[in-house]
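K.L.:
Contents of protein.txt (compact mmCIF, C-alpha atoms) are given next:
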# COMPACT_ATOMS: atom_id res chain seq x y z
CA MET A 22 26.57 -41.23 -68.34
CA PRO A 23 27.04 -44.49 -66.40
CA THR A 24 28.42 -44.19 -62.89
CA MET A 25 29.92 -46.61 -60.41
CA SER A 26 27.58 -47.96 -57.76
CA SER A 27 28.10 -46.56 -54.27
CA ALA A 28 29.17 -50.00 -53.06
CA HIS A 29 32.24 -49.92 -55.31
CA ARG A 30 33.04 -46.20 -55.09
CA SER A 31 36.23 -45.70 -53.06
CA GLN A 32 36.97 -42.48 -51.20
CA TRP A 33 40.61 -42.49 -52.31
CA PRO A 34 39.98 -40.64 -55.61
CA VAL A 35 37.90 -38.03 -53.78
CA TRP A 36 40.67 -37.27 -51.29
CA LEU A 37 43.49 -37.50 -53.84
CA CYS A 38 41.79 -35.01 -56.18
CA TRP A 39 41.18 -32.80 -53.15
CA LEU A 40 44.87 -32.94 -52.21
CA ALA A 41 45.84 -32.11 -55.79
CA MET A 42 43.74 -28.97 -55.40
CA VAL A 43 45.61 -28.18 -52.16
CA LEU A 44 48.77 -27.88 -54.28
CA ASP A 45 46.93 -25.54 -56.66
CA GLY A 46 45.90 -23.48 -53.64
CA PHE A 47 49.50 -23.26 -52.52
CA ASP A 48 50.54 -21.92 -55.91
CA LEU A 49 47.63 -19.46 -55.86
CA VAL A 50 48.95 -17.44 -52.92
CA VAL A 51 52.61 -18.30 -52.42
CA LEU A 52 53.83 -15.52 -54.71
CA GLY A 53 51.56 -13.01 -52.98
CA THR A 54 53.05 -13.94 -49.59
CA VAL A 55 56.67 -13.46 -50.69
CA ILE A 56 56.36 -10.48 -53.06
CA PRO A 57 56.41 -7.79 -50.32
CA THR A 58 59.61 -9.31 -48.88
CA LEU A 59 61.28 -9.65 -52.29
CA ILE A 60 60.42 -6.06 -53.21
CA LYS A 61 61.47 -4.69 -49.82
CA THR A 62 64.84 -6.49 -49.76
CA GLY A 63 65.52 -6.33 -53.48
CA GLU A 64 66.80 -9.92 -53.30
CA LEU A 65 67.55 -11.55 -56.68
CA GLY A 66 67.06 -8.07 -58.19
CA PHE A 67 63.31 -7.89 -57.48
CA ASP A 68 61.37 -4.63 -57.67
CA ALA A 69 57.71 -3.91 -58.47
CA VAL A 70 58.32 -4.45 -62.19
CA GLY A 71 60.21 -7.70 -61.62
CA ALA A 72 57.50 -8.99 -59.29
CA THR A 73 54.82 -8.18 -61.86
CA PHE A 74 56.80 -10.03 -64.55
CA ALA A 75 57.27 -13.09 -62.31
CA ALA A 76 53.56 -13.16 -61.42
CA THR A 77 52.58 -12.77 -65.08
CA ILE A 78 54.93 -15.38 -66.55
CA SER A 79 53.88 -17.87 -63.86
CA LEU A 80 50.31 -17.57 -65.01
CA VAL A 81 51.27 -17.83 -68.68
CA GLY A 82 52.57 -21.30 -67.86
CA VAL A 83 49.41 -22.20 -65.99
CA GLY A 84 47.24 -20.96 -68.86
CA LEU A 85 49.21 -22.90 -71.47
CA GLY A 86 48.96 -26.03 -69.34
CA ALA A 87 45.20 -25.68 -69.01
CA LEU A 88 44.63 -24.99 -72.70
CA PHE A 89 46.97 -27.49 -74.32
CA ILE A 90 47.79 -30.21 -71.76
CA ALA A 91 44.50 -30.62 -69.85
CA PRO A 92 42.47 -31.74 -72.93
CA LEU A 93 44.81 -34.75 -73.21
CA SER A 94 42.94 -36.24 -70.25
CA ASP A 95 40.00 -36.92 -72.60
CA LYS A 96 42.34 -38.92 -74.82
CA PHE A 97 44.84 -40.62 -72.51
CA GLY A 98 43.08 -40.64 -69.13
CA ARG A 99 42.91 -38.44 -66.05
CA ARG A 100 45.20 -40.56 -63.82
CA LYS A 101 48.29 -40.42 -66.04
CA LEU A 102 47.92 -36.70 -66.55
CA LEU A 103 47.45 -35.92 -62.86
CA ILE A 104 50.56 -37.90 -61.88
CA ALA A 105 52.71 -36.25 -64.55
CA CYS A 106 51.44 -32.77 -63.68
CA VAL A 107 52.00 -33.11 -59.93
CA ALA A 108 55.52 -34.48 -60.55
CA GLY A 109 56.47 -31.59 -62.83
CA PHE A 110 55.01 -28.94 -60.59
CA SER A 111 56.76 -30.32 -57.49
CA LEU A 112 60.24 -30.53 -59.01
CA PHE A 113 60.17 -27.09 -60.60
CA THR A 114 58.72 -25.50 -57.45
CA ILE A 115 61.63 -26.83 -55.40
CA GLY A 116 63.91 -25.40 -58.07
CA VAL A 117 62.43 -21.91 -57.53
CA ALA A 118 63.95 -21.86 -54.04
CA PHE A 119 67.44 -22.04 -55.57
CA ALA A 120 66.93 -19.46 -58.33
CA PRO A 121 69.89 -17.04 -58.61
CA ASN A 122 68.01 -14.16 -60.22
CA VAL A 123 64.62 -12.88 -61.37
CA ALA A 124 64.94 -14.47 -64.82
CA VAL A 125 65.56 -18.02 -63.55
CA PHE A 126 62.96 -17.56 -60.81
CA SER A 127 60.39 -16.62 -63.46
CA LEU A 128 61.39 -19.42 -65.86
CA LEU A 129 60.97 -22.06 -63.15
CA ARG A 130 57.60 -20.61 -62.20
CA LEU A 131 56.59 -20.83 -65.89
CA LEU A 132 57.58 -24.52 -66.07
CA ALA A 133 55.86 -25.36 -62.78
CA GLY A 134 52.75 -23.63 -64.09
CA LEU A 135 52.55 -25.90 -67.14
CA GLY A 136 51.92 -28.92 -64.92
CA LEU A 137 49.69 -27.17 -62.44
CA GLY A 138 47.55 -25.60 -65.17
CA ALA A 139 46.48 -29.01 -66.43
CA CYS A 140 46.07 -30.43 -62.92
CA LEU A 141 42.91 -28.49 -61.99
CA PRO A 142 40.71 -29.30 -65.03
CA ALA A 143 41.92 -32.92 -65.08
CA ALA A 144 41.10 -33.37 -61.38
CA LEU A 145 37.67 -31.75 -61.75
CA ALA A 146 36.87 -33.83 -64.85
CA TYR A 147 37.91 -36.96 -62.93
CA ILE A 148 35.78 -36.19 -59.88
CA ASN A 149 32.74 -35.41 -62.05
CA ASP A 150 33.23 -38.69 -63.90
CA TYR A 151 33.42 -40.43 -60.55
CA ALA A 152 30.66 -38.67 -58.60
CA PRO A 153 26.99 -39.76 -58.39
CA ALA A 154 24.61 -38.21 -60.92
CA GLY A 155 23.01 -34.92 -59.89
CA SER A 156 25.84 -33.88 -57.57
CA ALA A 157 28.02 -31.80 -59.91
CA GLY A 158 27.68 -28.67 -57.78
CA LYS A 159 28.66 -30.30 -54.50
CA SER A 160 31.30 -32.55 -56.07
CA THR A 161 33.05 -29.63 -57.76
CA THR A 162 32.83 -27.16 -54.90
CA ARG A 163 33.86 -29.67 -52.26
CA THR A 164 36.85 -30.76 -54.31
CA MET A 165 37.76 -27.12 -54.78
CA THR A 166 37.74 -26.53 -51.01
CA GLY A 167 41.18 -28.13 -51.26
CA TYR A 168 42.19 -25.21 -53.48
CA HIS A 169 41.41 -22.75 -50.73
CA VAL A 170 42.48 -24.94 -47.82
CA GLY A 171 45.86 -24.95 -49.57
CA ALA A 172 45.69 -21.18 -49.92
CA VAL A 173 44.75 -20.75 -46.25
CA ALA A 174 47.51 -23.10 -45.10
CA THR A 175 50.05 -21.26 -47.26
CA ALA A 176 48.98 -17.83 -46.01
CA LEU A 177 49.11 -19.11 -42.42
CA LEU A 178 52.50 -20.69 -43.00
CA ALA A 179 53.81 -17.45 -44.47
CA ILE A 180 52.95 -15.55 -41.27
CA PHE A 181 55.46 -17.76 -39.43
CA ILE A 182 58.06 -18.37 -42.17
CA VAL A 183 58.30 -15.18 -44.24
CA PRO A 184 60.78 -13.47 -44.74
CA ASN A 185 62.39 -16.91 -45.39
CA TRP A 186 60.77 -17.05 -48.83
CA ARG A 187 62.92 -19.92 -50.12
CA LEU A 188 61.52 -22.31 -47.51
CA MET A 189 57.99 -21.55 -48.73
CA PHE A 190 58.75 -23.03 -52.16
CA ILE A 191 60.64 -26.02 -50.74
CA ILE A 192 57.67 -26.95 -48.56
CA GLY A 193 55.24 -26.70 -51.49
CA GLY A 194 57.40 -28.85 -53.76
CA VAL A 195 58.06 -31.52 -51.16
CA ALA A 196 54.34 -31.76 -50.40
CA GLY A 197 53.72 -32.61 -54.06
CA LEU A 198 56.41 -35.28 -54.06
CA ILE A 199 54.83 -36.88 -50.99
CA LEU A 200 51.48 -37.01 -52.81
CA LEU A 201 52.89 -38.77 -55.89
CA PRO A 202 53.11 -42.37 -54.61
CA PHE A 203 49.53 -42.19 -53.32
CA LEU A 204 48.32 -41.02 -56.74
CA TRP A 205 50.23 -43.88 -58.39
CA ILE A 206 48.96 -46.62 -56.06
CA LYS A 207 45.45 -45.55 -55.08
CA LEU A 208 44.04 -43.59 -58.03
CA PRO A 209 42.15 -45.81 -60.51
CA GLU A 210 42.16 -44.90 -64.19
CA SER A 211 39.04 -42.95 -65.20
CA LEU A 212 39.44 -43.49 -68.97
CA PRO A 213 39.43 -47.19 -69.80
CA GLU A 214 40.65 -48.35 -73.17
CA ALA A 215 37.49 -50.32 -74.02
CA ALA A 216 34.56 -48.88 -72.11
CA PRO A 217 31.07 -49.02 -73.60
CA ALA A 218 30.29 -46.11 -75.86
CA VAL A 219 27.90 -43.52 -74.54
CA SER A 220 24.68 -43.61 -76.49
CA GLY A 221 21.12 -42.49 -76.22
CA THR A 222 19.83 -45.71 -74.67
CA ALA A 223 20.18 -46.94 -71.14
CA LYS A 224 20.89 -50.46 -72.34
CA ASP A 225 23.98 -49.37 -74.21
CA ASN A 226 25.31 -47.74 -71.06
CA GLU A 227 24.91 -50.74 -68.78
CA GLN A 228 28.09 -52.16 -67.33
CA LYS A 229 29.11 -55.51 -68.77
CA PRO A 230 29.78 -58.27 -66.23
CA SER A 231 33.35 -58.76 -67.46
CA GLU A 232 34.26 -55.09 -67.05
CA PRO A 233 36.00 -53.80 -63.91
CA ALA A 234 33.85 -51.73 -61.59
CA ASN A 235 35.68 -48.50 -62.23
CA ALA A 236 35.31 -48.77 -65.99
CA THR A 237 31.99 -47.00 -65.80
CA THR A 238 33.43 -43.95 -64.12
CA GLY A 239 35.11 -42.59 -67.21
CA VAL A 240 34.35 -41.14 -70.55
CA GLY A 241 32.85 -43.73 -72.87
CA HIS A 242 34.91 -44.85 -75.86
CA SER A 243 34.68 -47.93 -77.98
CA ALA A 244 37.84 -49.61 -79.15
CA ALA A 245 36.74 -49.43 -82.76
CA THR A 246 35.24 -45.95 -82.84
CA LYS A 247 37.19 -43.64 -80.57
CA GLU A 248 36.16 -40.07 -81.12
CA LYS A 249 38.82 -37.40 -81.32
CA THR A 250 38.02 -34.43 -79.16
CA GLY A 251 39.45 -30.93 -79.25
CA PHE A 252 38.62 -27.28 -79.03
CA ARG A 253 37.05 -27.37 -82.50
CA ASP A 254 34.21 -29.37 -80.95
CA LEU A 255 33.34 -26.31 -78.90
CA LEU A 256 32.76 -24.38 -82.13
CA GLN A 257 30.06 -26.79 -83.27
CA LYS A 258 26.38 -26.19 -82.58
CA PRO A 259 25.07 -25.80 -79.85
CA TYR A 260 28.32 -24.92 -78.01
CA PRO A 261 29.70 -21.60 -79.39
CA LEU A 262 27.44 -19.28 -77.35
CA VAL A 263 27.95 -21.42 -74.26
CA ALA A 264 31.73 -21.36 -74.70
CA LEU A 265 31.71 -17.58 -75.20
CA GLY A 266 29.75 -16.85 -72.03
CA ILE A 267 31.68 -19.36 -69.96
CA GLY A 268 35.00 -18.10 -71.31
CA ILE A 269 34.29 -14.45 -70.44
CA ALA A 270 33.01 -15.35 -66.97
CA SER A 271 36.00 -17.60 -66.30
CA PHE A 272 38.35 -14.84 -67.47
CA MET A 273 36.78 -12.38 -65.04
CA GLY A 274 36.54 -14.94 -62.25
CA LEU A 275 40.23 -15.83 -62.29
CA LEU A 276 41.18 -12.18 -62.77
CA LEU A 277 39.56 -11.66 -59.36
CA VAL A 278 41.02 -14.79 -57.74
CA TYR A 279 44.61 -14.21 -58.79
CA GLY A 280 44.53 -10.44 -58.67
CA LEU A 281 43.38 -10.50 -55.06
CA ASN A 282 45.60 -13.35 -53.87
CA THR A 283 48.71 -11.95 -55.54
CA TRP A 284 48.33 -8.33 -54.54
CA LEU A 285 45.97 -8.08 -51.53
CA PRO A 286 48.80 -7.70 -48.97
CA GLN A 287 50.38 -4.98 -51.12
CA LEU A 288 47.01 -3.27 -51.72
CA MET A 289 46.40 -3.14 -48.00
CA ALA A 290 49.92 -1.83 -47.43
CA ALA A 291 49.20 0.91 -50.00
CA ALA A 292 46.03 1.76 -48.05
CA GLY A 293 48.11 2.29 -44.91
CA TYR A 294 47.57 -1.05 -43.18
CA PRO A 295 50.65 -2.83 -41.71
CA VAL A 296 52.20 -5.63 -43.83
CA SER A 297 51.29 -8.15 -41.12
CA THR A 298 47.65 -7.06 -41.42
CA GLY A 299 47.76 -7.65 -45.18
CA LEU A 300 49.02 -11.23 -44.69
CA THR A 301 46.34 -11.87 -42.06
CA LEU A 302 43.64 -10.56 -44.41
CA LEU A 303 44.90 -12.90 -47.13
CA LEU A 304 44.30 -15.74 -44.68
CA VAL A 305 40.84 -14.42 -43.79
CA LEU A 306 39.98 -13.99 -47.49
CA ASN A 307 40.67 -17.66 -48.17
CA LEU A 308 38.88 -18.84 -45.03
CA GLY A 309 35.84 -17.08 -46.43
CA ALA A 310 36.43 -18.91 -49.73
CA VAL A 311 36.26 -22.32 -48.04
CA ALA A 312 32.99 -21.42 -46.29
CA GLY A 313 31.58 -20.05 -49.54
CA LEU A 314 32.34 -23.25 -51.44
CA PHE A 315 30.25 -25.41 -49.11
CA ILE A 316 27.34 -22.97 -49.24
CA ALA A 317 27.53 -22.44 -53.02
CA GLY A 318 27.61 -26.16 -53.85
CA ILE A 319 24.53 -26.95 -51.79
CA LEU A 320 22.57 -24.00 -53.19
CA ALA A 321 23.61 -24.73 -56.79
CA ASP A 322 22.37 -28.34 -56.64
CA LYS A 323 19.15 -27.22 -54.98
CA HIS A 324 18.24 -24.09 -56.97
CA GLY A 325 20.24 -24.44 -60.20
CA THR A 326 23.82 -23.43 -60.90
CA LYS A 327 22.95 -20.50 -63.16
CA LYS A 328 20.90 -18.65 -60.54
CA ILE A 329 23.54 -19.07 -57.85
CA VAL A 330 26.56 -18.17 -59.99
CA LEU A 331 24.84 -14.96 -61.17
CA MET A 332 24.03 -14.03 -57.59
CA TRP A 333 27.55 -14.87 -56.42
CA PHE A 334 29.32 -12.73 -59.03
CA GLY A 335 26.94 -9.83 -58.37
CA LEU A 336 27.57 -9.91 -54.62
CA SER A 337 31.31 -10.20 -55.29
CA ALA A 338 31.19 -6.88 -57.14
CA VAL A 339 29.32 -5.24 -54.26
CA PHE A 340 31.76 -6.33 -51.55
CA LEU A 341 34.83 -5.55 -53.65
CA ALA A 342 33.52 -2.02 -54.05
CA ILE A 343 33.07 -1.80 -50.26
CA LEU A 344 36.75 -2.69 -49.74
CA SER A 345 37.71 0.46 -51.66
CA VAL A 346 36.73 2.40 -48.52
CA LYS A 347 39.27 2.23 -45.70
CA ILE A 348 37.75 0.50 -42.67
CA GLN A 349 39.23 1.57 -39.35
CA ASN A 350 37.51 -1.02 -37.17
CA GLU A 351 39.57 -4.23 -37.22
CA PHE A 352 36.58 -6.53 -36.69
CA LEU A 353 34.57 -4.92 -39.50
CA LEU A 354 37.60 -5.03 -41.81
CA ASN A 355 38.10 -8.75 -41.23
CA ALA A 356 34.36 -9.40 -41.62
CA ALA A 357 34.24 -7.50 -44.93
CA VAL A 358 37.24 -9.41 -46.30
CA PHE A 359 35.80 -12.75 -45.11
CA VAL A 360 32.44 -12.16 -46.83
CA THR A 361 34.24 -10.99 -49.97
CA GLY A 362 36.11 -14.31 -49.98
CA VAL A 363 32.81 -16.20 -49.58
CA PHE A 364 31.51 -14.85 -52.88
CA VAL A 365 34.56 -14.12 -55.06
CA PHE A 366 36.21 -17.53 -55.08
CA SER A 367 33.20 -19.79 -55.16
CA SER A 368 31.88 -17.76 -58.11
CA GLN A 369 34.68 -19.10 -60.27
CA VAL A 370 34.25 -22.65 -58.96
CA LEU A 371 30.55 -22.52 -59.82
CA VAL A 372 31.59 -21.76 -63.40
CA TYR A 373 33.54 -25.05 -63.42
CA ALA A 374 30.58 -26.90 -61.92
CA TRP A 375 28.31 -25.51 -64.61
CA VAL A 376 30.73 -26.55 -67.35
CA SER A 377 30.63 -30.11 -65.99
CA GLN A 378 26.84 -30.04 -66.29
CA LEU A 379 26.58 -28.37 -69.70
CA PHE A 380 29.02 -30.52 -71.68
CA PRO A 381 28.83 -34.28 -72.36
CA PRO A 382 31.41 -36.59 -70.72
CA ARG A 383 33.46 -37.01 -73.91
CA LEU A 384 34.07 -33.22 -73.94
CA ARG A 385 34.30 -32.66 -70.20
CA GLY A 386 38.09 -32.48 -69.94
CA THR A 387 38.32 -30.32 -73.06
CA ALA A 388 35.59 -27.93 -71.89
CA LEU A 389 37.09 -27.61 -68.41
CA GLY A 390 40.51 -27.07 -69.97
CA PHE A 391 39.03 -24.33 -72.16
CA ALA A 392 37.32 -22.64 -69.19
CA ALA A 393 40.44 -22.88 -67.03
CA GLY A 394 42.77 -21.87 -69.86
CA VAL A 395 40.79 -18.79 -70.91
CA GLY A 396 40.35 -18.04 -67.22
CA ARG A 397 44.11 -18.13 -66.78
CA LEU A 398 44.33 -15.27 -69.26
CA GLY A 399 42.30 -13.34 -66.71
CA ALA A 400 44.63 -14.65 -64.03
CA ILE A 401 47.48 -13.08 -66.02
CA VAL A 402 45.66 -9.79 -66.59
CA GLY A 403 44.56 -9.43 -62.93
CA PRO A 404 48.03 -9.42 -61.32
CA ALA A 405 49.51 -7.54 -64.29
CA VAL A 406 46.96 -4.71 -64.13
CA THR A 407 47.11 -4.53 -60.35
CA GLY A 408 50.91 -4.64 -60.44
CA THR A 409 50.89 -1.73 -62.87
CA LEU A 410 48.64 0.22 -60.50
CA VAL A 411 51.02 -0.60 -57.63
CA ALA A 412 54.03 0.60 -59.64
CA ALA A 413 52.14 3.84 -60.42
CA ASN A 414 51.21 4.26 -56.71
CA ILE A 415 47.47 4.32 -57.47
CA ALA A 416 46.62 0.73 -56.51
CA TYR A 417 44.34 1.81 -53.67
CA PRO A 418 41.45 2.29 -54.18
CA ALA A 419 41.64 1.88 -57.99
CA GLY A 420 42.47 -1.83 -57.76
CA PHE A 421 39.20 -2.60 -56.01
CA TYR A 422 37.24 -0.62 -58.60
CA VAL A 423 38.81 -2.75 -61.36
CA PHE A 424 37.84 -5.93 -59.48
CA ALA A 425 34.25 -4.77 -58.95
CA VAL A 426 33.80 -4.04 -62.66
CA ALA A 427 35.17 -7.50 -63.50
CA GLY A 428 32.47 -9.07 -61.32
CA LEU A 429 29.74 -7.15 -63.12
CA LEU A 430 31.11 -8.16 -66.54
CA ALA A 431 30.96 -11.82 -65.48
CA VAL A 432 27.28 -11.40 -64.57
CA ALA A 433 26.57 -9.92 -68.00
CA ALA A 434 28.42 -12.75 -69.80
CA LEU A 435 26.63 -15.53 -67.93
CA PHE A 436 23.23 -14.22 -69.01
CA LEU A 437 24.23 -15.49 -72.48
CA VAL A 438 24.50 -19.08 -71.27
CA PRO A 439 21.32 -21.19 -71.25
CA GLN A 440 20.24 -23.13 -68.19
CA GLU A 441 21.09 -26.39 -70.01
CA VAL A 442 22.29 -27.44 -73.45
CA LYS A 443 20.26 -29.88 -75.53
CA THR A 444 22.25 -31.99 -77.94
CA GLU A 445 21.09 -34.32 -80.66
CA PRO A 446 21.06 -37.99 -79.59
As structure tokens - that is how I would like this structure written.

P.N.:
Amino acid sequence: MPTMSSAHRSQWPVWLCWLAMVLDGFDLVVLGTVIPTLIKTGELGFDAVGATFAATISLVGVGLGALFIAPLSDKFGRRKLLIACVAGFSLFTIGVAFAPNVAVFSLLRLLAGLGLGACLPAALAYINDYAPAGSAGKSTTRTMTGYHVGAVATALLAIFIVPNWRLMFIIGGVAGLILLPFLWIKLPESLPEAAPAVSGTAKDNEQKPSEPANATTGVGHSAATKEKTGFRDLLQKPYPLVALGIGIASFMGLLLVYGLNTWLPQLMAAAGYPVSTGLTLLLVLNLGAVAGLFIAGILADKHGTKKIVLMWFGLSAVFLAILSVKIQNEFLLNAAVFVTGVFVFSSQVLVYAWVSQLFPPRLRGTALGFAAGVGRLGAIVGPAVTGTLVAANIAYPAGFYVFAVAGLLAVAALFLVPQEVKTEP
């Protein structure tokens, strides 16, 4: 795939995609930070069942957005989709703060999720179109640090703001609105209308003198022979086995990410830790995630993504099992949660990085949308299963056992995926 020369490559798209991921990180943990307060006060009619429903329906929206909206970036362009998604997410998130009951609260979370679900795969497809060749691991993981910086900032903010849960959603929505004009002005389009078609020869991929510099950063299409892309392309040889393994791993990966971020404070409360300790551990968990992303990206580009993602999921299972044992020493507890964050969250991001490497540019948005969308099903199952365990008063230590098994299943699924996929020229 042709790429823009370093002389013409602006840093604005890098930072704007990173900031879009910050919003995704906010959404990742905001519900987890306010659930204990909503359940404790019963405000809006919340109880454990209502909280589980709200968490589940939120993720249904995110999953639908990833599956059915994100692939449109391959057809209409990443920039337009990112702007529309951030706008929708921001407005509906502000609306959550003014919800009068659980039903409206959940509906607004569903609608906000539609935009946010498409935002992540579109942003990752954009940054992989834009990045230098051979840097998929670092480009993806570094962009996704925004995801966990947002989660860390939200968890930290919650320590000072909660129990004022309404203000949490107002801050998240306003942050998105502030980002919008920068996306509009500074983000170049990654899918030009008349870029040279990708072919098997280097000559065909050379940039024409009359084309703008950023035309080579996108997916190649010719004006006369635009190819339609969709999920049916993933069913054609050699992609079915790849899609199966990636889909299962992504399902398990996001089950872990959302299950932990939604319910970790409540799990720790069930284990006998103070609520304030649970919120602090949520912060520590996501600090570990940021550190893990930098390490994972470097190792993946150096040693191969498959080796590192298998190792990362395996170690995730080990440390999640360790958390099932109550740790009395505060330093050791924080260290265990930090290291768990290092492996759990970057495992899922490595799956995205691998998808960017395995699929051709014309299918990149579709493949990432598939991985994120199927993964969001796991994101729905994780909080739902854990919420059910909480309602039954058996969340600790059973919740951590469920998470550990999910990590092992991801390892098994990824053995199905080849190191690279060879396609016919």

K.L.:
Write out as a PyMOL selection string each polymer residue whose atoms come within 10 Å of region 290-301 of chain A, counting all atoms listed in the file; drop sequence neighbours fewer than 3 positions from it.

P.N.:
chain A and resi 53-55+57-58+173+176-177+179-180+284-287+304-306+345-349+351+355+411+414-418

K.L.:
Counting all atoms listed in the file, what is within 12 Å of Trp39 (chain A), bar same-chain residues fewer than 4 positions away, as a compact mmCIF listing (two decimals) with C-alpha atoms, in the coordinates of the input?

P.N.:
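In the end it all went to selection22.txt:
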# COMPACT_ATOMS: atom_id res chain seq x y z
CA GLN A 32 36.97 -42.48 -51.20
CA TRP A 33 40.61 -42.49 -52.31
CA PRO A 34 39.98 -40.64 -55.61
CA VAL A 35 37.90 -38.03 -53.78
CA VAL A 43 45.61 -28.18 -52.16
CA LEU A 44 48.77 -27.88 -54.28
CA ASP A 45 46.93 -25.54 -56.66
CA GLY A 46 45.90 -23.48 -53.64
CA LEU A 103 47.45 -35.92 -62.86
CA CYS A 140 46.07 -30.43 -62.92
CA LEU A 141 42.91 -28.49 -61.99
CA ALA A 143 41.92 -32.92 -65.08
CA ALA A 144 41.10 -33.37 -61.38
CA LEU A 145 37.67 -31.75 -61.75
CA TYR A 147 37.91 -36.96 -62.93
CA ILE A 148 35.78 -36.19 -59.88
CA SER A 160 31.30 -32.55 -56.07
CA THR A 161 33.05 -29.63 -57.76
CA THR A 162 32.83 -27.16 -54.90
CA ARG A 163 33.86 -29.67 -52.26
CA THR A 164 36.85 -30.76 -54.31
CA MET A 165 37.76 -27.12 -54.78
CA THR A 166 37.74 -26.53 -51.01
CA GLY A 167 41.18 -28.13 -51.26
CA TYR A 168 42.19 -25.21 -53.48
CA HIS A 169 41.41 -22.75 -50.73
CA VAL A 170 42.48 -24.94 -47.82
CA GLY A 171 45.86 -24.95 -49.57
CA LEU A 200 51.48 -37.01 -52.81
CA LEU A 204 48.32 -41.02 -56.74

K.L.:
Pull the neighbourhood of (30.9, -7.1, -58.9) for me: all residues within 12 Å in file coordinates, counting all atoms listed in the file, as a VMD selection string.

P.N.:
chain A and resid 270 273 to 274 277 330 to 344 361 364 to 365 368 421 to 433

K.L.:
For the residues in that selection, give me C-alpha atoms as a JSON list (two decimals), in the frame of the given file.

P.N.:
[["chain", "number", "residue", "atom", "x", "y", "z"],
["A", 270, "ALA", "CA", 33.01, -15.35, -66.97],
["A", 273, "MET", "CA", 36.78, -12.38, -65.04],
["A", 274, "GLY", "CA", 36.54, -14.94, -62.25],
["A", 277, "LEU", "CA", 39.56, -11.66, -59.36],
["A", 330, "VAL", "CA", 26.56, -18.17, -59.99],
["A", 331, "LEU", "CA", 24.84, -14.96, -61.17],
["A", 332, "MET", "CA", 24.03, -14.03, -57.59],
["A", 333, "TRP", "CA", 27.55, -14.87, -56.42],
["A", 334, "PHE", "CA", 29.32, -12.73, -59.03],
["A", 335, "GLY", "CA", 26.94, -9.83, -58.37],
["A", 336, "LEU", "CA", 27.57, -9.91, -54.62],
["A", 337, "SER", "CA", 31.31, -10.20, -55.29],
["A", 338, "ALA", "CA", 31.19, -6.88, -57.14],
["A", 339, "VAL", "CA", 29.32, -5.24, -54.26],
["A", 340, "PHE", "CA", 31.76, -6.33, -51.55],
["A", 341, "LEU", "CA", 34.83, -5.55, -53.65],
["A", 342, "ALA", "CA", 33.52, -2.02, -54.05],
["A", 343, "ILE", "CA", 33.07, -1.80, -50.26],
["A", 344, "LEU", "CA", 36.75, -2.69, -49.74],
["A", 361, "THR", "CA", 34.24, -10.99, -49.97],
["A", 364, "PHE", "CA", 31.51, -14.85, -52.88],
["A", 365, "VAL", "CA", 34.56, -14.12, -55.06],
["A", 368, "SER", "CA", 31.88, -17.76, -58.11],
["A", 421, "PHE", "CA", 39.20, -2.60, -56.01],
["A", 422, "TYR", "CA", 37.24, -0.62, -58.60],
["A", 423, "VAL", "CA", 38.81, -2.75, -61.36],
["A", 424, "PHE", "CA", 37.84, -5.93, -59.48],
["A", 425, "ALA", "CA", 34.25, -4.77, -58.95],
["A", 426, "VAL", "CA", 33.80, -4.04, -62.66],
["A", 427, "ALA", "CA", 35.17, -7.50, -63.50],
["A", 428, "GLY", "CA", 32.47, -9.07, -61.32],
["A", 429, "LEU", "CA", 29.74, -7.15, -63.12],
["A", 430, "LEU", "CA", 31.11, -8.16, -66.54],
["A", 431, "ALA", "CA", 30.96, -11.82, -65.48],
["A", 432, "VAL", "CA", 27.28, -11.40, -64.57],
["A", 433, "ALA", "CA", 26.57, -9.92, -68.00]]

K.L.:
With all atoms listed in the file as the basis for distance, which of A:Pro202, A:Gly396, A:Gly318, A:Pro439 is at the shortest distance from Val81 (chain A)?

P.N.:
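Nearest candidate to Val81 (chain A) out of A:Pro202, A:Gly396, A:Gly318, A:Pro439: A:Gly396.
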
K.L.:
Can you measure CA of Val107 (chain A) to CA of Gly82 (chain A) for me? One decimal in Å is fine.

P.N.:
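The value is 14.2 Å.
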
K.L.:
Measure the distance from CA of Ser271 (chain A) to CA of Val372 (chain A) in Å and round it to one decimal.

P.N.:
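Taking CA of Ser271 (chain A) as the start and CA of Val372 (chain A) as the end point, the length is 6.7 Å.
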
K.L.:
Please report the interatomic distance between CA of Ser79 (chain A) and CA of Lys96 (chain A) in Å with one decimal.

P.N.:
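We find that CA of Ser79 (chain A) and CA of Lys96 (chain A) lie 26.4 Å from each other.
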
K.L.:
When distances are computed from only C-alpha atoms, which of A:Trp36, A:Tyr260, A:Phe272, A:Phe366 shows the smallest separation from Pro381 (chain A)?

P.N.:
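Answer, going by the shortest atom-to-atom distance: A:Tyr260.
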
K.L.:
Counting only C-alpha atoms, which residue out of A:Ala264, A:Leu255, A:Ala356, A:Val125 sits closest to Leu384 (chain A)?

P.N.:
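Checking each of A:Ala264, A:Leu255, A:Ala356, A:Val125 against Leu384 (chain A), counting only C-alpha atoms, the winner is A:Leu255.
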
K.L.:
Rank A:Ser367, A:Asn350, A:Ser94, A:Ser377 by their smallest atom-to-atom distance to Leu275 (chain A), using only C-alpha atoms, and report the top residue only.

P.N.:
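Of A:Ser367, A:Asn350, A:Ser94, A:Ser377, the one nearest Leu275 (chain A) is A:Ser367, counting only C-alpha atoms.
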
K.L.:
A:Gly399, A:Met42, A:Glu441, A:Leu302: which is nearest Pro259 (chain A), counting all atoms listed in the file?

P.N.:
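Among the listed residues, A:Glu441 lies closest to Pro259 (chain A).
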